[in-house]
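This is input_17.txt. It holds compact mmCIF, C-alpha atoms.
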# COMPACT_ATOMS: atom_id res chain seq x y z
CA MET A 1 34.10 5.09 16.14
CA LYS A 2 32.10 5.41 19.36
CA LYS A 3 33.74 8.77 20.08
CA ASN A 4 32.75 10.01 16.61
CA ASN A 5 29.16 8.86 17.10
CA LYS A 6 28.99 10.54 20.50
CA ARG A 7 30.47 13.75 19.12
CA GLU A 8 27.98 13.77 16.24
CA SER A 9 25.08 13.26 18.67
CA ILE A 10 26.29 16.17 20.80
CA ILE A 11 26.62 18.39 17.72
CA ILE A 12 23.08 17.53 16.61
CA ALA A 13 21.71 18.27 20.09
CA VAL A 14 23.49 21.64 20.24
CA ILE A 15 22.27 22.59 16.76
CA LEU A 16 18.69 21.71 17.66
CA LEU A 17 18.86 23.68 20.92
CA VAL A 18 20.24 26.74 19.13
CA ILE A 19 17.56 26.55 16.45
CA LEU A 20 14.87 26.11 19.10
CA ALA A 21 16.11 29.24 20.86
CA VAL A 22 16.08 31.16 17.57
CA ALA A 23 12.62 29.85 16.75
CA PHE A 24 11.29 30.94 20.14
CA TYR A 25 12.80 34.41 19.65
CA LEU A 26 11.35 34.76 16.15
CA ASP A 27 7.94 33.63 17.37
CA ALA A 28 8.00 36.42 19.93
CA LYS A 29 8.70 38.91 17.11
CA LEU A 30 5.93 37.56 14.84
CA PRO A 31 5.04 38.71 12.21
CA SER A 32 8.24 40.75 11.67
CA TYR A 33 10.19 37.63 10.67
CA HIS A 34 7.44 35.86 8.72
CA ILE A 35 9.76 34.60 5.96
CA ALA A 36 12.36 33.32 8.42
CA ILE A 37 9.70 31.47 10.41
CA LYS A 38 8.34 29.90 7.23
CA VAL A 39 11.83 28.70 6.31
CA ILE A 40 12.47 27.29 9.79
CA LYS A 41 9.21 25.32 9.84
CA LYS A 42 9.73 23.78 6.41
CA ALA A 43 13.40 23.08 7.14
CA ALA A 44 12.43 21.14 10.27
CA VAL A 45 10.16 18.94 8.14
CA TYR A 46 12.77 18.43 5.42
CA SER A 47 15.51 17.66 7.93
CA LEU A 48 13.47 14.75 9.34
CA VAL A 49 12.68 13.38 5.88
CA ALA A 50 16.32 13.78 4.79
CA VAL A 51 17.57 11.91 7.88
CA SER A 52 15.02 9.13 7.26
CA MET A 53 16.24 8.86 3.65
CA ASN A 54 19.85 8.86 4.87
CA LEU A 55 19.05 5.90 7.12
CA LEU A 56 18.15 3.94 4.00
CA ASN A 57 20.56 5.32 1.39
CA GLY A 58 23.50 6.28 3.57
CA PHE A 59 23.57 3.73 6.38
CA THR A 60 22.04 0.67 4.69
CA GLY A 61 23.19 1.22 1.13
CA LEU A 62 19.73 0.90 -0.43
CA PHE A 63 19.11 3.40 -3.22
CA SER A 64 15.40 4.19 -2.82
CA LEU A 65 13.47 6.98 -4.54
CA GLY A 66 10.04 6.39 -3.02
CA GLN A 67 10.21 9.01 -0.30
CA ALA A 68 7.53 11.26 -1.83
CA GLY A 69 5.11 8.33 -1.95
CA PHE A 70 5.52 7.57 1.75
CA MET A 71 5.22 11.27 2.58
CA LEU A 72 1.97 11.34 0.60
CA LEU A 73 0.64 8.39 2.60
CA GLY A 74 1.54 10.11 5.86
CA ALA A 75 0.06 13.46 4.82
CA TYR A 76 -3.24 11.96 3.67
CA THR A 77 -3.55 9.72 6.72
CA PHE A 78 -3.02 12.67 9.04
CA ALA A 79 -5.44 14.92 7.15
CA ILE A 80 -8.17 12.30 6.78
CA PHE A 81 -8.19 11.37 10.46
CA THR A 82 -7.89 14.88 11.96
CA ILE A 83 -10.47 16.89 10.00
CA PRO A 84 -13.14 17.91 12.57
CA GLU A 85 -16.48 16.19 12.10
CA GLU A 86 -18.31 19.49 11.65
CA SER A 87 -15.97 20.45 8.78
CA ARG A 88 -16.22 17.22 6.78
CA GLU A 89 -19.32 18.32 4.86
CA ILE A 90 -17.34 21.33 3.62
CA VAL A 91 -14.18 19.40 2.74
CA TYR A 92 -15.93 16.38 1.20
CA GLN A 93 -18.65 18.44 -0.45
CA TYR A 94 -18.68 16.21 -3.55
CA TYR A 95 -18.74 12.97 -1.53
CA ASN A 96 -21.49 13.59 1.06
CA GLY A 97 -19.09 14.32 3.89
CA GLY A 98 -16.77 11.39 3.22
CA LEU A 99 -16.51 7.96 4.77
CA ILE A 100 -14.62 8.80 7.98
CA ARG A 101 -16.85 10.48 10.57
CA PHE A 102 -14.52 11.00 13.53
CA ALA A 103 -11.30 12.90 14.32
CA LEU A 104 -8.18 11.77 16.15
CA PRO A 105 -5.90 13.95 18.33
CA VAL A 106 -2.76 15.26 16.64
CA ILE A 107 -0.15 13.01 18.28
CA PRO A 108 -1.99 9.69 17.68
CA ALA A 109 -2.66 10.85 14.11
CA LEU A 110 1.07 11.50 13.59
CA VAL A 111 1.92 8.02 14.84
CA LEU A 112 -0.82 6.51 12.66
CA SER A 113 0.61 8.38 9.65
CA GLY A 114 3.98 6.74 10.22
CA LEU A 115 2.42 3.31 10.76
CA VAL A 116 0.42 3.48 7.52
CA ALA A 117 3.56 4.44 5.58
CA ALA A 118 5.50 1.63 7.28
CA LEU A 119 2.76 -0.89 6.44
CA PHE A 120 2.88 0.02 2.76
CA ALA A 121 6.69 -0.12 2.92
CA PHE A 122 6.47 -3.65 4.33
CA LEU A 123 4.16 -4.78 1.52
CA VAL A 124 6.15 -3.03 -1.20
CA GLY A 125 9.43 -4.25 0.26
CA LEU A 126 8.53 -7.93 -0.06
CA PRO A 127 9.18 -8.00 -3.83
CA VAL A 128 11.16 -4.77 -4.27
CA LEU A 129 13.98 -5.36 -1.78
CA LYS A 130 15.16 -8.33 -3.79
CA LEU A 131 16.33 -5.81 -6.38
CA LYS A 132 19.57 -3.88 -6.18
CA SER A 133 21.04 -0.54 -7.19
CA ASP A 134 19.25 1.29 -10.02
CA TYR A 135 16.53 -1.37 -10.30
CA LEU A 136 15.50 -0.73 -6.69
CA ALA A 137 15.46 3.03 -7.32
CA ILE A 138 13.25 2.63 -10.40
CA ALA A 139 10.85 0.28 -8.60
CA THR A 140 10.42 2.59 -5.59
CA LEU A 141 10.05 5.63 -7.85
CA GLY A 142 7.34 3.80 -9.76
CA PHE A 143 5.57 2.96 -6.51
CA ALA A 144 5.50 6.65 -5.54
CA GLU A 145 4.00 7.64 -8.89
CA ILE A 146 1.38 4.87 -8.73
CA ILE A 147 0.34 5.91 -5.21
CA ARG A 148 0.00 9.52 -6.34
CA ALA A 149 -2.26 8.49 -9.22
CA ILE A 150 -4.39 6.17 -7.05
CA PHE A 151 -5.03 8.87 -4.44
CA GLN A 152 -6.47 11.13 -7.14
CA TRP A 153 -8.87 8.40 -8.33
CA ASP A 154 -12.49 9.51 -7.99
CA LYS A 155 -13.58 6.05 -6.85
CA LEU A 156 -11.66 6.66 -3.60
CA GLY A 157 -13.10 10.14 -3.21
CA ALA A 158 -15.08 9.26 -0.09
CA ILE A 159 -11.72 8.72 1.64
CA THR A 160 -9.14 10.79 -0.23
CA ASN A 161 -11.48 13.46 -1.66
CA GLY A 162 -10.32 12.49 -5.15
CA SER A 163 -8.37 15.19 -6.97
CA ASN A 164 -9.66 17.85 -4.57
CA MET A 165 -7.51 19.10 -1.73
CA LEU A 166 -7.98 18.30 1.95
CA HIS A 167 -8.03 21.15 4.45
CA GLN A 168 -9.54 22.24 7.78
CA PHE A 169 -7.25 19.88 9.73
CA PRO A 170 -4.93 21.06 12.56
CA SER A 171 -1.80 22.98 11.58
CA PHE A 172 1.23 24.15 13.54
CA SER A 173 -0.68 27.34 14.38
CA SER A 174 -3.22 25.22 16.27
CA PHE A 175 -0.64 24.80 19.04
CA ASN A 176 -0.54 28.54 19.79
CA ILE A 177 -2.02 29.42 23.18
CA ARG A 178 -4.81 32.00 23.00
CA ASN A 179 -6.65 34.03 25.63
CA ALA A 180 -10.42 34.37 26.05
CA GLN A 181 -10.53 37.02 23.31
CA GLY A 182 -8.86 34.70 20.83
CA GLU A 183 -5.57 36.60 20.82
CA VAL A 184 -2.35 34.55 20.74
CA VAL A 185 -0.43 34.99 23.99
CA VAL A 186 2.19 32.26 23.51
CA TYR A 187 3.47 31.33 20.04
CA LEU A 188 4.33 27.62 19.78
CA SER A 189 3.80 27.16 16.04
CA THR A 190 7.53 27.27 15.27
CA LEU A 191 8.68 25.28 18.29
CA VAL A 192 6.35 22.31 17.72
CA PRO A 193 7.83 21.13 14.37
CA PHE A 194 11.29 21.24 15.93
CA VAL A 195 10.22 19.23 18.94
CA ILE A 196 8.61 16.58 16.73
CA ALA A 197 11.54 16.48 14.28
CA GLY A 198 14.08 16.50 17.12
CA VAL A 199 12.47 13.53 18.89
CA CYS A 200 12.25 11.55 15.64
CA ILE A 201 15.85 12.30 14.64
CA ALA A 202 17.03 11.34 18.14
CA LEU A 203 15.29 7.97 17.76
CA ILE A 204 16.98 7.43 14.40
CA VAL A 205 20.38 8.26 15.92
CA LEU A 206 19.75 5.75 18.73
CA LEU A 207 18.89 3.11 16.13
CA ILE A 208 22.04 3.83 14.12
CA ASN A 209 24.21 3.48 17.22
CA SER A 210 22.53 0.20 18.26
CA THR A 211 23.40 -3.34 17.19
CA TYR A 212 20.82 -3.07 14.43
CA GLY A 213 22.56 0.05 13.17
CA ARG A 214 25.89 -1.73 13.06
CA ALA A 215 24.27 -4.56 11.11
CA LEU A 216 22.88 -2.05 8.61
CA LYS A 217 26.32 -0.49 8.16
CA ALA A 218 27.79 -3.95 7.63
CA ILE A 219 25.25 -4.59 4.85
CA ARG A 220 26.20 -1.28 3.26
CA ASP A 221 29.92 -2.04 3.35
CA ASP A 222 29.84 -5.68 2.21
CA GLU A 223 26.71 -7.82 1.96
CA THR A 224 28.63 -11.06 1.56
CA ALA A 225 30.74 -10.46 4.67
CA ALA A 226 27.68 -9.35 6.65
CA GLU A 227 25.79 -12.50 5.70
CA ALA A 228 28.81 -14.62 6.62
CA MET A 229 28.76 -13.01 10.08
CA GLY A 230 25.15 -14.10 10.58
CA VAL A 231 23.27 -10.96 9.50
CA ASN A 232 19.91 -11.74 7.91
CA LEU A 233 20.13 -9.49 4.84
CA PHE A 234 16.47 -9.39 3.84
CA HIS A 235 15.22 -8.96 7.41
CA HIS A 236 17.50 -6.02 8.12
CA LYS A 237 16.86 -4.39 4.75
CA GLN A 238 13.13 -4.64 5.32
CA LEU A 239 13.55 -3.27 8.84
CA ALA A 240 15.47 -0.26 7.54
CA PHE A 241 12.95 0.25 4.73
CA CYS A 242 9.97 0.22 7.12
CA ILE A 243 11.61 2.47 9.73
CA SER A 244 12.71 4.96 7.07
CA SER A 245 9.17 5.00 5.65
CA PHE A 246 7.68 5.37 9.14
CA PHE A 247 9.56 8.62 9.73
CA ALA A 248 8.93 9.74 6.13
CA GLY A 249 5.21 9.31 6.85
CA ILE A 250 5.52 11.49 9.94
CA GLY A 251 7.43 14.00 7.82
CA GLY A 252 4.58 13.99 5.30
CA ALA A 253 2.09 14.66 8.09
CA MET A 254 4.25 17.56 9.30
CA LEU A 255 4.40 18.92 5.75
CA ALA A 256 0.59 18.82 5.67
CA MET A 257 0.48 20.79 8.93
CA TYR A 258 2.94 23.29 7.47
CA ALA A 259 1.04 23.77 4.17
CA CYS A 260 -2.45 23.56 5.80
CA THR A 261 -3.66 21.69 2.70
CA VAL A 262 -3.00 18.29 1.14
CA GLN A 263 -3.25 17.41 -2.54
CA ALA A 264 -1.72 14.38 -4.22
CA LYS A 265 -0.33 16.30 -7.19
CA SER A 266 2.11 18.12 -4.87
CA PHE A 267 4.00 14.91 -4.02
CA THR A 268 5.83 14.53 -7.31
CA SER A 269 9.15 12.83 -7.98
CA ALA A 270 10.74 16.30 -7.84
CA MET A 271 10.12 16.28 -4.08
CA THR A 272 12.11 13.05 -3.75
CA TYR A 273 14.95 14.58 -5.78
CA GLU A 274 14.98 17.59 -3.45
CA ILE A 275 15.34 15.31 -0.43
CA LEU A 276 18.06 13.32 -2.22
CA LEU A 277 19.88 16.57 -3.03
CA ILE A 278 19.80 17.53 0.66
CA VAL A 279 21.23 14.13 1.62
CA VAL A 280 24.04 14.39 -0.94
CA LEU A 281 24.90 17.99 -0.05
CA GLY A 282 25.07 17.17 3.65
CA GLY A 283 27.06 14.01 3.06
CA VAL A 284 25.72 10.49 2.61
CA GLY A 285 25.80 8.80 6.01
CA SER A 286 25.93 12.07 8.00
CA ILE A 287 23.00 12.97 10.25
CA THR A 288 24.43 16.38 11.11
CA GLY A 289 25.04 17.14 7.45
CA SER A 290 21.45 16.24 6.54
CA CYS A 291 20.07 18.60 9.20
CA LEU A 292 22.31 21.51 8.20
CA SER A 293 21.86 21.06 4.44
CA ALA A 294 18.06 20.91 4.90
CA PHE A 295 18.12 24.40 6.41
CA LEU A 296 20.48 25.71 3.75
CA PHE A 297 18.43 24.23 0.90
CA VAL A 298 15.10 25.54 2.19
CA ALA A 299 16.57 28.96 2.98
CA CYS A 300 17.96 29.22 -0.55
CA SER A 301 14.84 27.98 -2.32
CA GLU A 302 12.31 29.88 -0.19
CA TRP A 303 14.21 33.05 0.74
CA TRP A 304 17.75 33.91 -0.36
CA LEU A 305 17.46 33.04 -4.06
CA ARG A 306 13.87 34.20 -4.60
CA PHE A 307 15.18 37.15 -6.66
CA LEU A 308 15.94 34.66 -9.46
CA ASP A 309 12.18 34.37 -10.06
CA ASN A 310 12.04 38.02 -11.14
CA THR A 311 12.34 39.05 -14.79
CA TYR A 312 15.32 41.22 -15.71
CA THR A 313 15.81 43.09 -18.99
CA ILE A 314 19.40 43.50 -20.21
CA GLY A 315 20.00 46.51 -22.41
CA SER A 316 17.39 48.91 -23.80
What does the file become when written as structure tokens?
Amino acid sequence: MKKNNKRESIIIAVILLVILAVAFYLDAKLPSYHIAIKVIKKAAVYSLVAVSMNLLNGFTGLFSLGQAGFMLLGAYTFAIFTIPEESREIVYQYYNGGLIRFALPVIPALVLSGLVAALFAFLVGLPVLKLKSDYLAIATLGFAEIIRAIFQWDKLGAITNGSNMLHQFPSFSSFNIRNAQGEVVVYLSTLVPFVIAGVCIALIVLLINSTYGRALKAIRDDETAAEAMGVNLFHHKQLAFCISSFFAGIGGAMLAMYACTVQAKSFTSAMTYEILLIVVLGGVGSITGSCLSAFLFVACSEWWLRFLDNTYTIGS
């Protein structure tokens, strides 16, 4: 078992290094490979969210469908706390510049995004984690839909901007190094999402291979036997739920940086189903599979199968 875990970790590291090398090469050729770069950025985001969902569904055995809700929390937290002060009058034009009047650096804002998502997961998990199977899935799916509706409520407009989108916050392009004339001399916009996703996935792998990870796998295999061996079921389920939501929140913040805008209506249940599809295609309980299937799914939906959107006339 340890050999398999070590081999999987090595495979993940090699895959990430290869993709980083490709990303660096494509950045140097920008904008010739614009579509490929777009796919790589989004795939890095989806791979992190898929791995975080796999931690819950694949390694703990909890069938949760609230991933889009936690991504929404992370995206809004990042956007709200990173919009420059001078741009807030433009973004919050209907709410007198909004309630928040300061901006955080990118890295602290990413961590805060994960913490906010984890906090909500802790509160939601108190009643929800007592449910099992389909009931847990329905409850978490309902939470995601409720959160989406609340964030579009005009009464919270001074914070969330209501049903209007948030923009003007840092994106991946903000990491590009420019000269005095404003020209980009070093492209880092494609490397940054991979570095963030790679660090987060590495932390998840370390957790899975720890004693806590073995306890989570024991809960997945047989709750009764795990409890008989001294595993606190509710504590470990809540731990997995919060950690999964923490990284989903960071994934939501990365998605905001990728899209350059945030709007609650984008975080529908269909987004959760996409992540679930990636997890199933890559293999439930497989970190490597989640990473690879994320790239395949995004490449198909954003690039290879785009011709299906065109209208074709058969016959005269």
(request) Give me the residues within 12 Å of Cys291 in chain A as number ranges by chain, counting all atoms listed in the file and dropping any in the same chain fewer than 5 places off. (result) A: 8-9, 11-16, 19, 40, 42-54, 194, 197-198, 201-202, 275, 278-286, 296-298
(message) Report, in Å with one decimal, the straight-line distance from CA of Glu223 in chain A to CA of Thr60 in chain A.
(response) 10.1 Å
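The smallest atom-to-atom distance between Ile90 in chain A and any of A:Ser210, A:Ser293, A:Thr190, A:Asn161, using all atoms listed in the file, is found for A:Asn161.
Minimum atom-to-atom distance to Leu119 in chain A, evaluated using only C-alpha atoms, belongs to A:Leu73 out of A:Ile208, A:Ile80, A:Leu65, A:Leu73.
Proximity of A:Ile250, A:Leu104, A:Ala256, A:Val184 to Phe70 in chain A, computed with all atoms listed in the file, is greatest for A:Ile250.
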(request) Determine the nearest neighbour of Ile83 in chain A from the options A:Val185, A:Val262, A:Leu55, A:Cys300, counting all atoms listed in the file. (result) A:Val262
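CA of Leu129 in chain A lies 22.7 Å from CA of Ala270 in chain A.
For the residues A:Ala79, A:Trp153, A:Ala228, A:Thr268, ranking by smallest atom-to-atom distance to Pro105 in chain A using all atoms listed in the file places A:Ala79 first.
The coordinates place CA of Ala103 in chain A at 4.6 Å from CA of Thr82 in chain A.
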Spatial neighbours of Leu99 in chain A, 10 Å, only C-alpha atoms, chain gap at least 6 places, as a PDB file with C-alpha atoms, keeping the file's coordinate frame:
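result_20.pdb, freshly written:
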ATOM      1  CA  ILE A  80      -8.170  12.300   6.780  1.00  0.00           C
ATOM      2  CA  ARG A  88     -16.220  17.220   6.780  1.00  0.00           C
ATOM      3  CA  TYR A  92     -15.930  16.380   1.200  1.00  0.00           C
ATOM      4  CA  LEU A 156     -11.660   6.660  -3.600  1.00  0.00           C
ATOM      5  CA  GLY A 157     -13.100  10.140  -3.210  1.00  0.00           C
ATOM      6  CA  ALA A 158     -15.080   9.260  -0.090  1.00  0.00           C
ATOM      7  CA  ILE A 159     -11.720   8.720   1.640  1.00  0.00           C
ATOM      8  CA  THR A 160      -9.140  10.790  -0.230  1.00  0.00           C
ATOM      9  CA  ASN A 161     -11.480  13.460  -1.660  1.00  0.00           C
TER      10      ASN A 161
END
(request) For Asn176 in chain A, list every protein, DNA or RNA residue within 12 Å, evaluated using only C-alpha atoms, and leave out those in the same chain fewer than 5 positions away; present the list as an MDAnalysis selection string. (result) chainID A and resid 27:28 170:171 182:192
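Closest to Phe143 in chain A among A:Met165, A:Met71, A:Val124, A:Ile35 is A:Val124, based on only C-alpha atoms.
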(request) Do a neighbour search on Gly114 in chain A at 7 Å with all atoms listed in the file, toss out local chain neighbours closer than 5 positions, and write the hits as an MDAnalysis selection string. (result) chainID A and resid 74 246:247 249:250
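Near range 132-136 of chain A, within 8 Å and counting all atoms listed in the file, sit Leu62, Phe63, Ser64, Val128, Leu129, Lys130, Ile138, Ala139 and Thr140 of chain A, not including residues fewer than 2 positions from it in the same chain.
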